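**Student:** Coordinates in protein-v6.txt, compact mmCIF, N, CA and C atoms, are listed below.
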```
# COMPACT_ATOMS: atom_id res chain seq x y z
N MET Q 1037 60.63 123.74 123.88
CA MET Q 1037 61.67 124.00 124.86
C MET Q 1037 63.03 123.78 124.19
N PRO Q 1038 63.93 124.76 124.26
CA PRO Q 1038 65.22 124.60 123.59
C PRO Q 1038 66.07 123.52 124.25
N GLU Q 1039 66.86 122.86 123.42
CA GLU Q 1039 67.74 121.81 123.92
C GLU Q 1039 68.88 122.46 124.71
N PRO Q 1040 69.25 121.90 125.86
CA PRO Q 1040 70.34 122.50 126.63
C PRO Q 1040 71.65 122.41 125.85
N THR Q 1041 72.47 123.45 125.99
CA THR Q 1041 73.74 123.43 125.28
C THR Q 1041 74.73 122.58 126.05
N ASN Q 1042 75.60 121.92 125.31
CA ASN Q 1042 76.58 121.02 125.90
C ASN Q 1042 77.91 121.75 126.00
N PRO Q 1043 78.43 121.97 127.21
CA PRO Q 1043 79.70 122.66 127.34
C PRO Q 1043 80.89 121.82 126.91
N SER Q 1044 80.70 120.52 126.78
CA SER Q 1044 81.79 119.62 126.40
C SER Q 1044 82.06 119.73 124.90
N PRO Q 1045 83.33 119.74 124.49
CA PRO Q 1045 83.63 119.80 123.06
C PRO Q 1045 83.46 118.46 122.35
N GLN Q 1046 83.13 117.42 123.09
CA GLN Q 1046 82.97 116.10 122.49
C GLN Q 1046 81.50 115.73 122.40
N PRO Q 1047 81.17 114.88 121.42
CA PRO Q 1047 79.77 114.42 121.32
C PRO Q 1047 79.36 113.65 122.57
N GLU Q 1048 78.06 113.64 122.84
CA GLU Q 1048 77.54 112.89 123.97
C GLU Q 1048 77.80 111.40 123.76
N PRO Q 1049 78.19 110.67 124.79
CA PRO Q 1049 78.51 109.26 124.61
C PRO Q 1049 77.32 108.40 124.19
N ASN Q 1050 76.09 108.85 124.47
CA ASN Q 1050 74.92 108.05 124.09
C ASN Q 1050 74.46 108.33 122.66
N GLU Q 1051 75.13 109.26 121.97
CA GLU Q 1051 74.78 109.52 120.58
C GLU Q 1051 75.50 108.54 119.67
N LYS Q 1052 74.91 108.27 118.52
CA LYS Q 1052 75.55 107.36 117.56
C LYS Q 1052 76.68 108.11 116.88
N LEU Q 1053 77.89 107.56 117.00
CA LEU Q 1053 79.07 108.17 116.40
C LEU Q 1053 79.55 107.32 115.23
N VAL Q 1054 80.09 107.99 114.22
CA VAL Q 1054 80.62 107.28 113.07
C VAL Q 1054 82.06 107.72 112.83
N LYS Q 1055 82.86 106.80 112.33
CA LYS Q 1055 84.26 107.11 112.00
C LYS Q 1055 84.28 107.83 110.67
N ILE Q 1056 84.94 108.99 110.62
CA ILE Q 1056 85.03 109.71 109.36
C ILE Q 1056 86.46 109.87 108.90
N PHE Q 1057 87.42 109.53 109.75
CA PHE Q 1057 88.83 109.75 109.39
C PHE Q 1057 89.69 108.81 110.21
N ASP Q 1058 90.71 108.24 109.58
CA ASP Q 1058 91.70 107.51 110.35
C ASP Q 1058 93.07 107.74 109.72
N THR Q 1059 94.09 107.71 110.55
CA THR Q 1059 95.44 107.99 110.09
C THR Q 1059 96.45 107.30 110.99
N GLU Q 1060 97.62 107.07 110.45
CA GLU Q 1060 98.73 106.53 111.24
C GLU Q 1060 99.36 107.62 112.09
N GLN Q 1061 99.16 108.88 111.70
CA GLN Q 1061 99.85 110.00 112.34
C GLN Q 1061 98.88 110.81 113.18
N GLU Q 1062 99.12 110.81 114.49
CA GLU Q 1062 98.21 111.51 115.40
C GLU Q 1062 98.16 113.00 115.09
N ASN Q 1063 99.30 113.62 114.71
CA ASN Q 1063 99.28 115.06 114.45
C ASN Q 1063 98.38 115.40 113.26
N GLU Q 1064 98.28 114.51 112.27
CA GLU Q 1064 97.37 114.73 111.15
C GLU Q 1064 95.92 114.71 111.63
N ALA Q 1065 95.62 113.79 112.52
CA ALA Q 1065 94.26 113.71 113.07
C ALA Q 1065 93.93 114.96 113.88
N ILE Q 1066 94.91 115.48 114.60
CA ILE Q 1066 94.68 116.70 115.40
C ILE Q 1066 94.37 117.88 114.47
N VAL Q 1067 95.08 117.97 113.34
CA VAL Q 1067 94.82 119.04 112.37
C VAL Q 1067 93.40 118.92 111.82
N VAL Q 1068 93.00 117.69 111.45
CA VAL Q 1068 91.66 117.47 110.91
C VAL Q 1068 90.61 117.80 111.97
N GLN Q 1069 90.87 117.40 113.22
CA GLN Q 1069 89.92 117.71 114.29
C GLN Q 1069 89.77 119.22 114.44
N GLY Q 1070 90.88 119.94 114.29
CA GLY Q 1070 90.83 121.41 114.37
C GLY Q 1070 89.99 122.01 113.25
N LEU Q 1071 90.10 121.44 112.05
CA LEU Q 1071 89.27 121.91 110.94
C LEU Q 1071 87.80 121.72 111.25
N LEU Q 1072 87.47 120.56 111.77
CA LEU Q 1072 86.08 120.27 112.11
C LEU Q 1072 85.58 121.20 113.20
N GLN Q 1073 86.42 121.41 114.21
CA GLN Q 1073 86.03 122.28 115.32
C GLN Q 1073 85.78 123.70 114.84
N SER Q 1074 86.63 124.19 113.92
CA SER Q 1074 86.44 125.55 113.41
C SER Q 1074 85.16 125.67 112.60
N ALA Q 1075 84.66 124.55 112.08
CA ALA Q 1075 83.41 124.54 111.34
C ALA Q 1075 82.21 124.28 112.26
N GLY Q 1076 82.46 124.14 113.56
CA GLY Q 1076 81.38 123.94 114.51
C GLY Q 1076 80.95 122.49 114.66
N ILE Q 1077 81.77 121.56 114.19
CA ILE Q 1077 81.44 120.13 114.30
C ILE Q 1077 82.24 119.53 115.45
N GLU Q 1078 81.52 119.00 116.43
CA GLU Q 1078 82.19 118.36 117.56
C GLU Q 1078 82.68 116.99 117.14
N SER Q 1079 83.87 116.63 117.60
CA SER Q 1079 84.43 115.33 117.23
C SER Q 1079 85.17 114.73 118.40
N ASP Q 1080 85.44 113.45 118.29
CA ASP Q 1080 86.16 112.73 119.34
C ASP Q 1080 87.34 112.03 118.68
N LEU Q 1081 88.52 112.25 119.21
CA LEU Q 1081 89.74 111.65 118.67
C LEU Q 1081 90.10 110.46 119.55
N LYS Q 1082 90.27 109.31 118.92
CA LYS Q 1082 90.56 108.08 119.67
C LYS Q 1082 91.81 107.43 119.11
N SER Q 1083 92.70 107.02 120.00
CA SER Q 1083 93.84 106.22 119.60
C SER Q 1083 93.41 104.76 119.62
N ILE Q 1084 93.70 104.04 118.54
CA ILE Q 1084 93.28 102.64 118.48
C ILE Q 1084 94.47 101.70 118.42
N ASP Q 1085 95.62 102.17 118.87
CA ASP Q 1085 96.80 101.31 118.87
C ASP Q 1085 96.55 100.02 119.64
N ALA Q 1086 95.76 100.08 120.68
CA ALA Q 1086 95.52 98.90 121.52
C ALA Q 1086 94.60 97.88 120.85
N VAL Q 1087 93.89 98.28 119.80
CA VAL Q 1087 92.94 97.36 119.17
C VAL Q 1087 93.31 97.07 117.72
N GLN Q 1088 94.59 97.11 117.40
CA GLN Q 1088 95.03 96.84 116.03
C GLN Q 1088 94.61 95.45 115.56
N ASP Q 1089 94.56 94.48 116.47
CA ASP Q 1089 94.14 93.13 116.08
C ASP Q 1089 92.70 93.12 115.59
N ALA Q 1090 91.86 93.96 116.20
CA ALA Q 1090 90.45 94.00 115.82
C ALA Q 1090 90.23 94.77 114.52
N PHE Q 1091 91.11 95.74 114.23
CA PHE Q 1091 90.96 96.58 113.04
C PHE Q 1091 92.25 96.60 112.24
N PRO Q 1092 92.66 95.48 111.66
CA PRO Q 1092 93.92 95.48 110.91
C PRO Q 1092 93.83 96.42 109.70
N GLY Q 1093 94.92 97.15 109.49
CA GLY Q 1093 94.96 98.06 108.35
C GLY Q 1093 94.39 99.43 108.64
N VAL Q 1094 93.81 99.62 109.79
CA VAL Q 1094 93.26 100.92 110.15
C VAL Q 1094 94.35 101.71 110.86
N GLY Q 1095 94.39 103.02 110.62
CA GLY Q 1095 95.41 103.86 111.21
C GLY Q 1095 95.38 103.86 112.73
N GLY Q 1096 96.38 104.48 113.32
CA GLY Q 1096 96.51 104.48 114.77
C GLY Q 1096 95.59 105.44 115.48
N THR Q 1097 94.98 106.38 114.76
CA THR Q 1097 94.09 107.37 115.37
C THR Q 1097 92.87 107.53 114.49
N VAL Q 1098 91.69 107.58 115.11
CA VAL Q 1098 90.46 107.79 114.35
C VAL Q 1098 89.73 109.01 114.90
N ILE Q 1099 88.92 109.62 114.04
CA ILE Q 1099 88.06 110.73 114.45
C ILE Q 1099 86.63 110.28 114.28
N LEU Q 1100 85.86 110.44 115.35
CA LEU Q 1100 84.44 110.09 115.35
C LEU Q 1100 83.62 111.37 115.44
N VAL Q 1101 82.50 111.40 114.72
CA VAL Q 1101 81.56 112.52 114.81
C VAL Q 1101 80.15 111.96 114.94
N ARG Q 1102 79.21 112.83 115.32
CA ARG Q 1102 77.81 112.42 115.34
C ARG Q 1102 77.39 111.99 113.94
N GLU Q 1103 76.52 111.02 113.89
CA GLU Q 1103 76.07 110.50 112.60
C GLU Q 1103 75.50 111.62 111.72
N GLU Q 1104 74.75 112.55 112.31
CA GLU Q 1104 74.15 113.61 111.51
C GLU Q 1104 75.18 114.63 111.02
N ASP Q 1105 76.36 114.70 111.67
CA ASP Q 1105 77.41 115.63 111.25
C ASP Q 1105 78.36 115.01 110.23
N ALA Q 1106 78.27 113.70 110.03
CA ALA Q 1106 79.24 113.01 109.17
C ALA Q 1106 79.30 113.55 107.73
N PRO Q 1107 78.16 113.78 107.05
CA PRO Q 1107 78.26 114.28 105.68
C PRO Q 1107 79.01 115.60 105.58
N GLU Q 1108 78.72 116.54 106.47
CA GLU Q 1108 79.39 117.84 106.44
C GLU Q 1108 80.87 117.67 106.81
N ALA Q 1109 81.16 116.83 107.79
CA ALA Q 1109 82.55 116.59 108.18
C ALA Q 1109 83.35 116.02 107.02
N LYS Q 1110 82.77 115.08 106.30
CA LYS Q 1110 83.47 114.48 105.15
C LYS Q 1110 83.75 115.53 104.07
N LYS Q 1111 82.79 116.45 103.85
CA LYS Q 1111 83.00 117.52 102.87
C LYS Q 1111 84.17 118.41 103.29
N ILE Q 1112 84.24 118.73 104.57
CA ILE Q 1112 85.32 119.59 105.07
C ILE Q 1112 86.67 118.91 104.89
N ILE Q 1113 86.74 117.63 105.23
CA ILE Q 1113 88.00 116.89 105.09
C ILE Q 1113 88.40 116.81 103.63
N GLU Q 1114 87.45 116.51 102.76
CA GLU Q 1114 87.75 116.41 101.33
C GLU Q 1114 88.23 117.75 100.78
N ALA Q 1115 87.57 118.84 101.17
CA ALA Q 1115 87.98 120.16 100.69
C ALA Q 1115 89.39 120.51 101.18
N SER Q 1116 89.72 120.11 102.40
CA SER Q 1116 91.05 120.44 102.93
C SER Q 1116 92.15 119.70 102.19
N ARG Q 1117 91.84 118.56 101.61
CA ARG Q 1117 92.85 117.80 100.87
C ARG Q 1117 93.22 118.48 99.56
N HIS Q 1118 92.37 119.37 99.07
CA HIS Q 1118 92.64 120.06 97.82
C HIS Q 1118 93.33 121.40 98.02
N LEU Q 1119 93.54 121.79 99.27
CA LEU Q 1119 94.24 123.05 99.55
C LEU Q 1119 95.74 122.81 99.55
N PRO Q 1120 96.53 123.78 99.08
CA PRO Q 1120 97.98 123.62 99.17
C PRO Q 1120 98.43 123.67 100.62
N PRO Q 1121 99.49 122.96 100.97
CA PRO Q 1121 99.97 123.01 102.35
C PRO Q 1121 100.42 124.41 102.72
N LEU Q 1122 100.20 124.79 103.96
CA LEU Q 1122 100.58 126.13 104.42
C LEU Q 1122 102.09 126.33 104.42
N ASP Q 1123 102.85 125.25 104.59
CA ASP Q 1123 104.30 125.39 104.67
C ASP Q 1123 104.98 124.96 103.37
N ASP Q 1124 104.25 125.04 102.26
CA ASP Q 1124 104.79 124.63 100.98
C ASP Q 1124 105.84 125.62 100.49
N GLU Q 1125 107.10 125.19 100.42
CA GLU Q 1125 108.19 126.09 100.04
C GLU Q 1125 108.18 126.38 98.55
N THR Q 1126 107.44 125.60 97.77
CA THR Q 1126 107.39 125.84 96.32
C THR Q 1126 106.33 126.87 95.95
N ALA Q 1127 105.54 127.30 96.91
CA ALA Q 1127 104.50 128.28 96.63
C ALA Q 1127 105.15 129.61 96.22
N GLU Q 1128 104.51 130.26 95.26
CA GLU Q 1128 105.06 131.53 94.80
C GLU Q 1128 104.83 132.59 95.86
N THR Q 1129 105.82 133.45 96.04
CA THR Q 1129 105.68 134.55 96.99
C THR Q 1129 105.54 135.83 96.22
N SER Q 1130 104.68 136.70 96.72
CA SER Q 1130 104.50 137.99 96.04
C SER Q 1130 105.62 138.92 96.48
N GLY Q 1131 106.11 139.70 95.56
CA GLY Q 1131 107.16 140.59 96.00
C GLY Q 1131 107.81 141.21 94.86
```
Would you encode the structure as structure tokens?

**Tutor:**
Amino acid sequence: MPEPTNPSPQPEPNEKLVKIFDTEQENEAIVVQGLLQSAGIESDLKSIDAVQDAFPGVGGTVILVREEDAPEAKKIIEASRHLPPLDDETAETSG
């Protein structure tokens, strides 16, 4: 019997989630979440400003994914770090 599809873009709360990304800048986390979503990986973005005492040194926003999606998500994030920025003014223009 096929598993029912989940209309929610976030992982089920009863699934084991792992942190794969954290940052001080929420907009950076939103970009990373978009990369994961375009690859078909569901993720949950959490602000942890309220729990800084519990996680000192951890950024203000974290991205959680299902444990089984974590290896692929990490590969996507790592690959994106090697791409030139889209708004890089030093990039050569053809013309």

**Student:** Can you pull out every residue within 8 Å of Leu1100 (chain Q), counting only C-alpha atoms, but drop anything in the same chain fewer than 3 positions away, and send it as a ChimeraX atom specification?

**Tutor:** /Q:1053-1057,1079-1082

**Student:** Export, as an mmCIF file, keeping the file's coordinate frame, the selected residues with N, CA and C atoms.

**Tutor:**
```cif
data_model
loop_
_atom_site.group_PDB
_atom_site.id
_atom_site.type_symbol
_atom_site.label_atom_id
_atom_site.label_comp_id
_atom_site.auth_asym_id
_atom_site.auth_seq_id
_atom_site.Cartn_x
_atom_site.Cartn_y
_atom_site.Cartn_z
ATOM 1 N N LEU Q 1053 77.890 107.560 117.000
ATOM 2 C CA LEU Q 1053 79.070 108.170 116.400
ATOM 3 C C LEU Q 1053 79.550 107.320 115.230
ATOM 4 N N VAL Q 1054 80.090 107.990 114.220
ATOM 5 C CA VAL Q 1054 80.620 107.280 113.070
ATOM 6 C C VAL Q 1054 82.060 107.720 112.830
ATOM 7 N N LYS Q 1055 82.860 106.800 112.330
ATOM 8 C CA LYS Q 1055 84.260 107.110 112.000
ATOM 9 C C LYS Q 1055 84.280 107.830 110.670
ATOM 10 N N ILE Q 1056 84.940 108.990 110.620
ATOM 11 C CA ILE Q 1056 85.030 109.710 109.360
ATOM 12 C C ILE Q 1056 86.460 109.870 108.900
ATOM 13 N N PHE Q 1057 87.420 109.530 109.750
ATOM 14 C CA PHE Q 1057 88.830 109.750 109.390
ATOM 15 C C PHE Q 1057 89.690 108.810 110.210
ATOM 16 N N SER Q 1079 83.870 116.630 117.600
ATOM 17 C CA SER Q 1079 84.430 115.330 117.230
ATOM 18 C C SER Q 1079 85.170 114.730 118.400
ATOM 19 N N ASP Q 1080 85.440 113.450 118.290
ATOM 20 C CA ASP Q 1080 86.160 112.730 119.340
ATOM 21 C C ASP Q 1080 87.340 112.030 118.680
ATOM 22 N N LEU Q 1081 88.520 112.250 119.210
ATOM 23 C CA LEU Q 1081 89.740 111.650 118.670
ATOM 24 C C LEU Q 1081 90.100 110.460 119.550
ATOM 25 N N LYS Q 1082 90.270 109.310 118.920
ATOM 26 C CA LYS Q 1082 90.560 108.080 119.670
ATOM 27 C C LYS Q 1082 91.810 107.430 119.110
#
```

**Student:** From the set Q:Lys1110, Q:Glu1078, Q:Ile1084, Q:Val1067, which residue has the shortest atom-to-atom contact distance to Val1098 (chain Q), counting only C-alpha atoms?

**Tutor:**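 The answer is Q:Ile1084, which sits nearest to Val1098 (chain Q).
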
**Student:** Excluding Lys1052 (chain Q) and residues on its chain fewer than 3 positions from it, collect all residues at most 6 Å away from it, counting all atoms listed in the file, and give them as a list in words.

**Tutor:**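 Using all atoms listed in the file, the neighbours found are Val1101, Arg1102 and Glu1103 of chain Q.
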
**Student:** What is the atom C of Asn1063 (chain Q)-CA of Ser1083 (chain Q) distance in Å, reported with one decimal?

**Tutor:**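 Spanning atom C of Asn1063 (chain Q) to CA of Ser1083 (chain Q) is a straight-line distance of 12.0 Å.
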
**Student:** Tell me, in Å to one decimal, how far atom N of Pro1120 (chain Q) is from CA of Glu1104 (chain Q).

**Tutor:**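 Between atom N of Pro1120 (chain Q) and CA of Glu1104 (chain Q) the gap is 27.5 Å.
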
**Student:** Write out as a ChimeraX atom specification each polymer residue whose atoms come within 6 Å of Asp1058 (chain Q), counting all atoms listed in the file; drop sequence neighbours fewer than 4 positions from it.

**Tutor:** /Q:1095-1099
